file coords.cif (mmCIF, C-alpha atoms)
data_my_file
loop_
_atom_site.label_atom_id
_atom_site.label_comp_id
_atom_site.auth_asym_id
_atom_site.auth_seq_id
_atom_site.Cartn_x
_atom_site.Cartn_y
_atom_site.Cartn_z
CA MET M 1 56.04 -34.17 2.10
CA SER M 2 58.42 -31.36 3.08
CA ALA M 3 59.97 -31.13 6.54
CA ASN M 4 58.21 -27.80 7.15
CA ARG M 5 54.80 -29.30 6.40
CA LYS M 6 55.49 -32.28 8.67
CA SER M 7 56.57 -29.93 11.44
CA SER M 8 53.44 -27.80 10.95
CA ARG M 9 51.16 -30.84 11.20
CA PHE M 10 52.99 -32.08 14.30
CA ASN M 11 52.66 -28.68 15.95
CA GLY M 12 48.95 -28.62 15.12
CA LEU M 13 48.35 -32.07 16.61
CA TYR M 14 50.41 -31.17 19.66
CA ALA M 15 48.39 -27.99 20.20
CA LEU M 16 45.10 -29.90 19.84
CA ALA M 17 46.21 -32.63 22.25
CA SER M 18 47.35 -30.02 24.78
CA LEU M 19 44.02 -28.19 24.53
CA LEU M 20 42.00 -31.38 25.05
CA ALA M 21 44.16 -32.41 28.02
CA PHE M 22 43.78 -28.97 29.61
CA TRP M 23 40.00 -29.08 29.00
CA TRP M 24 39.71 -32.53 30.57
CA ILE M 25 41.73 -31.53 33.66
CA LEU M 26 39.74 -28.32 34.05
CA SER M 27 36.45 -30.24 33.84
CA ILE M 28 37.60 -32.40 36.77
CA ILE M 29 38.60 -29.38 38.84
CA ILE M 30 35.49 -27.29 38.14
CA GLY M 31 33.04 -30.17 37.98
CA GLN M 32 31.66 -32.01 34.98
CA GLY M 33 28.18 -30.65 35.66
CA PHE M 34 29.34 -27.17 34.69
CA LEU M 35 32.18 -28.02 32.33
CA PRO M 36 31.55 -31.30 30.48
CA PRO M 37 34.72 -33.17 29.43
CA PRO M 38 35.73 -33.22 25.76
CA HIS M 39 34.23 -36.61 24.94
CA VAL M 40 30.80 -35.60 26.29
CA ALA M 41 30.79 -32.43 24.18
CA ALA M 42 31.98 -34.46 21.17
CA VAL M 43 29.10 -36.93 21.55
CA GLU M 44 26.59 -34.06 21.75
CA PHE M 45 28.27 -32.48 18.71
CA LEU M 46 27.74 -35.70 16.73
CA ASN M 47 24.13 -35.97 17.92
CA LEU M 48 23.38 -32.43 16.75
CA LEU M 49 25.12 -33.19 13.47
CA ARG M 50 22.98 -36.28 12.90
CA GLU M 51 19.82 -34.32 13.69
CA GLY M 52 20.81 -31.76 11.06
CA ASN M 53 20.41 -28.79 13.40
CA LEU M 54 24.12 -28.16 13.85
CA LEU M 55 24.72 -27.96 10.12
CA ARG M 56 21.87 -25.48 9.72
CA HIS M 57 23.14 -23.31 12.59
CA SER M 58 26.68 -23.45 11.18
CA MET M 59 25.62 -22.58 7.64
CA ALA M 60 23.56 -19.64 8.89
CA SER M 61 26.58 -18.21 10.71
CA PHE M 62 28.98 -18.96 7.86
CA LEU M 63 26.80 -17.31 5.22
CA ARG M 64 26.44 -14.17 7.34
CA LEU M 65 30.19 -14.08 7.85
CA ALA M 66 30.82 -14.68 4.14
CA GLY M 67 28.41 -11.89 3.22
CA GLY M 68 30.25 -9.45 5.45
CA ILE M 69 33.64 -10.52 4.07
CA ALA M 70 32.48 -10.23 0.45
CA GLY M 71 30.99 -6.76 0.88
CA ALA M 72 33.92 -5.42 2.90
CA SER M 73 36.45 -6.81 0.39
CA LEU M 74 34.66 -5.54 -2.71
CA LEU M 75 34.39 -2.00 -1.33
CA GLY M 76 37.39 -1.87 1.00
CA LEU M 77 40.00 -3.06 -1.52
CA PRO M 78 39.49 -0.32 -4.16
CA LEU M 79 39.14 2.37 -1.49
CA GLY M 80 42.34 1.19 0.21
CA ILE M 81 44.14 1.27 -3.14
CA ALA M 82 42.85 4.80 -3.77
CA LEU M 83 44.11 5.93 -0.37
CA GLY M 84 47.48 4.26 -0.88
CA THR M 85 48.08 5.67 -4.35
CA SER M 86 46.62 9.17 -4.12
CA ARG M 87 47.83 11.68 -1.54
CA ARG M 88 44.81 13.85 -2.22
CA VAL M 89 42.34 11.04 -1.47
CA ASP M 90 44.38 10.03 1.58
CA ARG M 91 44.35 13.57 3.00
CA LEU M 92 40.62 13.84 2.35
CA LEU M 93 39.41 10.52 3.79
CA SER M 94 42.00 9.35 6.32
CA PRO M 95 40.82 11.74 9.10
CA LEU M 96 37.30 10.36 8.73
CA LEU M 97 38.59 6.78 8.86
CA TYR M 98 40.59 7.49 12.01
CA ILE M 99 37.46 8.83 13.68
CA LEU M 100 35.22 5.91 12.66
CA TYR M 101 37.69 3.03 12.97
CA PRO M 102 38.03 2.99 16.80
CA LEU M 103 34.27 3.17 17.38
CA PRO M 104 32.83 -0.11 18.71
CA LYS M 105 30.73 -1.22 15.76
CA ILE M 106 28.62 -3.55 17.89
CA ALA M 107 27.05 -0.44 19.44
CA PHE M 108 25.35 0.24 16.10
CA LEU M 109 23.44 -3.06 16.11
CA PRO M 110 20.18 -1.47 17.39
CA LEU M 111 20.42 1.14 14.61
CA PHE M 112 21.08 -1.53 11.96
CA LEU M 113 18.12 -3.56 13.25
CA LEU M 114 15.91 -0.51 12.78
CA LEU M 115 17.28 0.35 9.34
CA PHE M 116 17.70 -3.11 7.80
CA GLY M 117 15.21 -5.22 9.71
CA LEU M 118 15.51 -8.16 12.04
CA GLY M 119 16.76 -10.67 9.45
CA ASN M 120 20.15 -11.41 7.98
CA ALA M 121 20.69 -7.99 6.38
CA SER M 122 21.29 -6.16 9.65
CA LYS M 123 23.80 -8.77 10.83
CA ILE M 124 25.68 -8.76 7.51
CA VAL M 125 25.84 -4.95 7.56
CA LEU M 126 27.23 -5.08 11.09
CA LEU M 127 29.93 -7.54 10.00
CA PHE M 128 30.65 -5.35 6.98
CA THR M 129 31.32 -2.32 9.17
CA VAL M 130 33.62 -4.35 11.43
CA MET M 131 35.73 -5.65 8.53
CA PHE M 132 35.60 -2.71 6.12
CA PHE M 133 37.85 -0.33 8.05
CA GLN M 134 40.33 -3.10 8.86
CA ILE M 135 40.67 -3.93 5.16
CA VAL M 136 40.89 -0.32 3.98
CA LEU M 137 43.69 0.57 6.39
CA ALA M 138 45.64 -2.65 5.78
CA VAL M 139 45.51 -2.20 2.00
CA ARG M 140 46.41 1.48 2.25
CA ASP M 141 49.40 0.78 4.50
CA GLY M 142 50.56 -2.03 2.22
CA LEU M 143 50.59 0.28 -0.79
CA SER M 144 52.24 3.06 1.19
CA ASN M 145 55.22 0.72 1.66
CA LEU M 146 55.47 0.02 -2.08
CA PRO M 147 59.04 0.96 -3.17
CA VAL M 148 59.06 4.26 -5.03
CA GLU M 149 61.29 2.66 -7.68
CA TYR M 150 58.34 0.55 -8.85
CA ARG M 151 56.27 3.66 -9.46
CA ARG M 152 59.16 5.31 -11.30
CA VAL M 153 59.55 2.30 -13.57
CA ALA M 154 55.83 2.40 -14.35
CA ASP M 155 56.14 6.11 -15.13
CA SER M 156 59.16 5.57 -17.36
CA LEU M 157 57.33 2.85 -19.28
CA ASN M 158 54.31 5.13 -19.62
CA ILE M 159 51.99 2.47 -18.22
CA GLY M 160 48.34 3.52 -18.16
CA ARG M 161 46.10 3.59 -15.11
CA ARG M 162 44.26 0.34 -15.80
CA ARG M 163 47.41 -1.63 -16.52
CA ARG M 164 49.17 -0.06 -13.55
CA PHE M 165 46.25 -1.07 -11.33
CA ALA M 166 46.30 -4.66 -12.60
CA THR M 167 50.08 -5.21 -12.66
CA LEU M 168 51.33 -3.04 -9.79
CA TYR M 169 48.74 -1.78 -7.32
CA LEU M 170 46.48 -4.83 -7.09
CA PRO M 171 49.30 -7.38 -6.53
CA ALA M 172 50.81 -5.07 -3.90
CA ALA M 173 47.44 -4.68 -2.17
CA LEU M 174 46.38 -8.34 -2.01
CA PRO M 175 48.75 -9.45 0.80
CA GLY M 176 47.40 -6.67 3.02
CA LEU M 177 43.85 -7.69 2.13
CA PHE M 178 44.39 -11.31 3.15
CA ALA M 179 46.21 -10.34 6.34
CA ALA M 180 43.27 -8.11 7.28
CA LEU M 181 40.79 -10.88 6.45
CA ARG M 182 42.49 -13.30 8.85
CA ILE M 183 42.17 -10.79 11.66
CA SER M 184 38.65 -9.86 10.61
CA VAL M 185 37.42 -13.47 10.74
CA GLY M 186 38.21 -13.71 14.46
CA ILE M 187 36.71 -10.32 15.24
CA GLY M 188 33.74 -10.99 12.98
CA MET M 189 32.92 -14.29 14.70
CA ALA M 190 32.92 -12.57 18.09
CA VAL M 191 30.59 -9.83 16.82
CA LEU M 192 28.37 -12.35 15.05
CA PHE M 193 28.07 -14.41 18.24
CA PHE M 194 26.59 -11.37 19.97
CA ALA M 195 24.39 -10.33 17.03
CA GLU M 196 22.86 -13.79 16.63
CA ASN M 197 21.21 -13.49 20.03
CA TYR M 198 18.78 -10.93 18.62
CA ALA M 199 15.79 -11.65 16.41
CA THR M 200 16.96 -14.99 15.04
CA ASP M 201 16.37 -18.68 15.64
CA TRP M 202 19.35 -19.93 13.65
CA GLY M 203 23.06 -19.36 14.09
CA LEU M 204 25.77 -20.67 16.37
CA GLY M 205 25.54 -17.67 18.66
CA TYR M 206 21.87 -18.41 19.20
CA LEU M 207 22.60 -22.11 19.73
CA VAL M 208 25.26 -21.47 22.39
CA MET M 209 23.30 -18.92 24.39
CA ASN M 210 19.99 -20.79 24.11
CA SER M 211 21.72 -23.95 25.38
CA TRP M 212 23.18 -21.95 28.24
CA THR M 213 19.76 -20.60 29.29
CA MET M 214 18.38 -24.17 29.09
CA VAL M 215 21.29 -25.36 31.30
CA ASN M 216 22.32 -27.81 28.57
CA TYR M 217 26.07 -27.43 28.91
CA PRO M 218 27.10 -30.32 26.61
CA ARG M 219 25.07 -28.73 23.81
CA MET M 220 26.54 -25.32 24.64
CA PHE M 221 30.08 -26.63 24.28
CA ALA M 222 29.14 -28.48 21.11
CA GLY M 223 28.10 -25.10 19.72
CA ILE M 224 31.41 -23.58 20.85
CA ILE M 225 33.27 -26.36 19.01
CA ALA M 226 31.23 -25.58 15.90
CA LEU M 227 32.09 -21.88 16.26
CA GLY M 228 35.77 -22.76 16.30
CA LEU M 229 35.42 -25.02 13.26
CA VAL M 230 33.57 -22.38 11.24
CA ALA M 231 36.23 -19.78 12.12
CA ALA M 232 39.08 -22.19 11.30
CA GLY M 233 37.43 -23.20 8.04
CA SER M 234 36.97 -19.55 7.06
CA ILE M 235 40.65 -18.82 7.70
CA LEU M 236 41.62 -21.88 5.64
CA LEU M 237 39.52 -20.53 2.76
CA VAL M 238 41.32 -17.19 3.08
CA ASP M 239 44.67 -19.04 2.98
CA LEU M 240 43.55 -20.98 -0.09
CA ALA M 241 42.50 -17.79 -1.86
CA GLN M 242 45.87 -16.24 -1.04
CA ARG M 243 47.76 -19.23 -2.46
CA VAL M 244 45.73 -18.97 -5.67
CA LEU M 245 45.87 -15.19 -6.08
CA CYS M 246 49.29 -14.53 -4.55
CA PRO M 247 51.46 -17.52 -5.54
CA TRP M 248 54.61 -15.42 -5.19
CA LEU M 249 54.14 -15.33 -1.41
CA GLY M 250 54.69 -19.09 -1.10
CA GLU M 251 53.12 -21.19 1.62
CA THR M 252 51.46 -19.43 4.54
#

call {"tool": "encode", "arguments": {"input": "coords.cif", "output": "structure tokens"}}
result
Amino acid sequence: MSANRKSSRFNGLYALASLLAFWWILSIIIGQGFLPPPHVAAVEFLNLLREGNLLRHSMASFLRLAGGIAGASLLGLPLGIALGTSRRVDRLLSPLLYILYPLPKIAFLPLFLLLFGLGNASKIVLLFTVMFFQIVLAVRDGLSNLPVEYRRVADSLNIGRRRRFATLYLPAALPGLFAALRISVGIGMAVLFFAENYATDWGLGYLVMNSWTMVNYPRMFAGIIALGLVAAGSILLVDLAQRVLCPWLGET
């Protein structure tokens, strides 16, 4: 095992231990009735896991998040490449992107509920809109920084569009895609938490807020732990995909 990997694991364990210690101290200060200590939340987490409810809530949230990521990646990557490689497309679409990107996408949830129904589709579309613009702009900016010498070499070798896309533009765009996905996972989980409080009985957002209204704080914090694990697991999957598709970047 390399020294860097050992150091990374030590830092991770240190951060986890510090978080648990801070949580335990805060539960004493605030009162364990309102903020249950870590071991109480962990016991409730295991109870929910044994019942099977936690896994179902977690899978519901993960599949919605995965649907948003897949749609935003499939559409955002080629559009970002088009913006980054064509000045004409960039001049045409960038003003529209700059207008739409800052808008709070969560405000469109009522509209999406009307258009796509009360089920999973409206929540996935909401996540798609949150992630799509992040991916498009990250990919475009990554390609804008591509050294002009690479393009000149491709021109001198008379490389066609398809081969240029596969050997030059796509490899240059992937790092920006994965960087945007890491940011989008955190933002997406926050948006999903809010969206899952409307017209659904399954999802970690629903579990947390329903537990809060029932004054079941151990269960609420068990749901928060699950939210963190789903987010961390999603980022690990993004890292794994990057290592497979971008081996030249090395370890992340």

call {"tool": "atom_distance", "arguments": {"input": "coords.cif", "atom1": "atom CA of Leu240 of chain M", "atom2": "atom CA of Val125 of chain M"}}
result
25.1 Å

call {"tool": "residues_around", "arguments": {"input": "coords.cif", "residues": "Val136 of chain M", "least_positions_apart": "2", "cutoff": "9 Å", "atoms": "all atoms listed in the file", "output": "PyMOL selection string"}}
result
chain M and resi 72-73+75-81+83+97+131-134+138-141+177+180

call {"tool": "write_last_selection", "arguments": {"input": "coords.cif", "atoms": "C-alpha atoms", "output": "compact mmCIF listing (two decimals), in the frame of the given file"}}
result
# COMPACT_ATOMS: atom_id res chain seq x y z
CA ALA M 72 33.92 -5.42 2.90
CA SER M 73 36.45 -6.81 0.39
CA LEU M 75 34.39 -2.00 -1.33
CA GLY M 76 37.39 -1.87 1.00
CA LEU M 77 40.00 -3.06 -1.52
CA PRO M 78 39.49 -0.32 -4.16
CA LEU M 79 39.14 2.37 -1.49
CA GLY M 80 42.34 1.19 0.21
CA ILE M 81 44.14 1.27 -3.14
CA LEU M 83 44.11 5.93 -0.37
CA LEU M 97 38.59 6.78 8.86
CA MET M 131 35.73 -5.65 8.53
CA PHE M 132 35.60 -2.71 6.12
CA PHE M 133 37.85 -0.33 8.05
CA GLN M 134 40.33 -3.10 8.86
CA ALA M 138 45.64 -2.65 5.78
CA VAL M 139 45.51 -2.20 2.00
CA ARG M 140 46.41 1.48 2.25
CA ASP M 141 49.40 0.78 4.50
CA LEU M 177 43.85 -7.69 2.13
CA ALA M 180 43.27 -8.11 7.28

call {"tool": "closest_residue", "arguments": {"input": "coords.cif", "among": "M:Arg162, M:Lys123, M:Arg50, M:His39", "to": "Gly67 of chain M", "atoms": "all atoms listed in the file"}}
result
M:Lys123

call {"tool": "residues_near_point", "arguments": {"input": "coords.cif", "point": "(27.3, -4.1, 16.6)", "cutoff": "7 Å", "atoms": "all atoms listed in the file", "output": "list in words"}}
result
Lys105, Ile106, Ala107, Phe108, Leu109, Leu126, Val191 and Ala195 of chain M

call {"tool": "resolve_selection", "arguments": {"input": "coords.cif", "expression": "the PyMOL selection byres ((chain M and resi 200-204) around 7)", "output": "list in words"}}
result
His57, Ser58, Ala60, Ser61, Phe193, Glu196, Asn197, Tyr198, Ala199, Gly205, Tyr206, Leu207, Val208, Gly223 and Leu227 of chain M

call {"tool": "closest_residue", "arguments": {"input": "coords.cif", "among": "M:Arg56, M:Arg243, M:Arg64, M:Arg88", "to": "Leu174 of chain M", "atoms": "all atoms listed in the file"}}
result
M:Arg243

call {"tool": "residues_around", "arguments": {"input": "coords.cif", "residues": "Ile225 of chain M", "least_positions_apart": "5", "cutoff": "9 Å", "atoms": "all atoms listed in the file", "output": "MDAnalysis selection string"}}
result
chainID M and resid 41:42 45 220 230

call {"tool": "atom_distance", "arguments": {"input": "coords.cif", "atom1": "atom CA of Ile224 of chain M", "atom2": "atom CA of Leu111 of chain M"}}
result
27.8 Å

call {"tool": "atom_distance", "arguments": {"input": "coords.cif", "atom1": "atom CA of Gly117 of chain M", "atom2": "atom CA of Gly188 of chain M"}}
result
19.7 Å

call {"tool": "closest_residue", "arguments": {"input": "coords.cif", "among": "M:Leu54, M:Leu49, M:Leu13, M:Ala21", "to": "Pro37 of chain M", "atoms": "only C-alpha atoms"}}
result
M:Ala21

call {"tool": "residues_around", "arguments": {"input": "coords.cif", "residues": "Pro218 of chain M", "least_positions_apart": "3", "cutoff": "7 Å", "atoms": "all atoms listed in the file", "output": "list in words"}}
result
Pro36, Val40, Ala41, Glu44, Phe221 and Ala222 of chain M

call {"tool": "closest_residue", "arguments": {"input": "coords.cif", "among": "M:Leu192, M:Ala15, M:Ala179, M:Val148", "to": "Asp239 of chain M", "atoms": "all atoms listed in the file"}}
result
M:Ala179
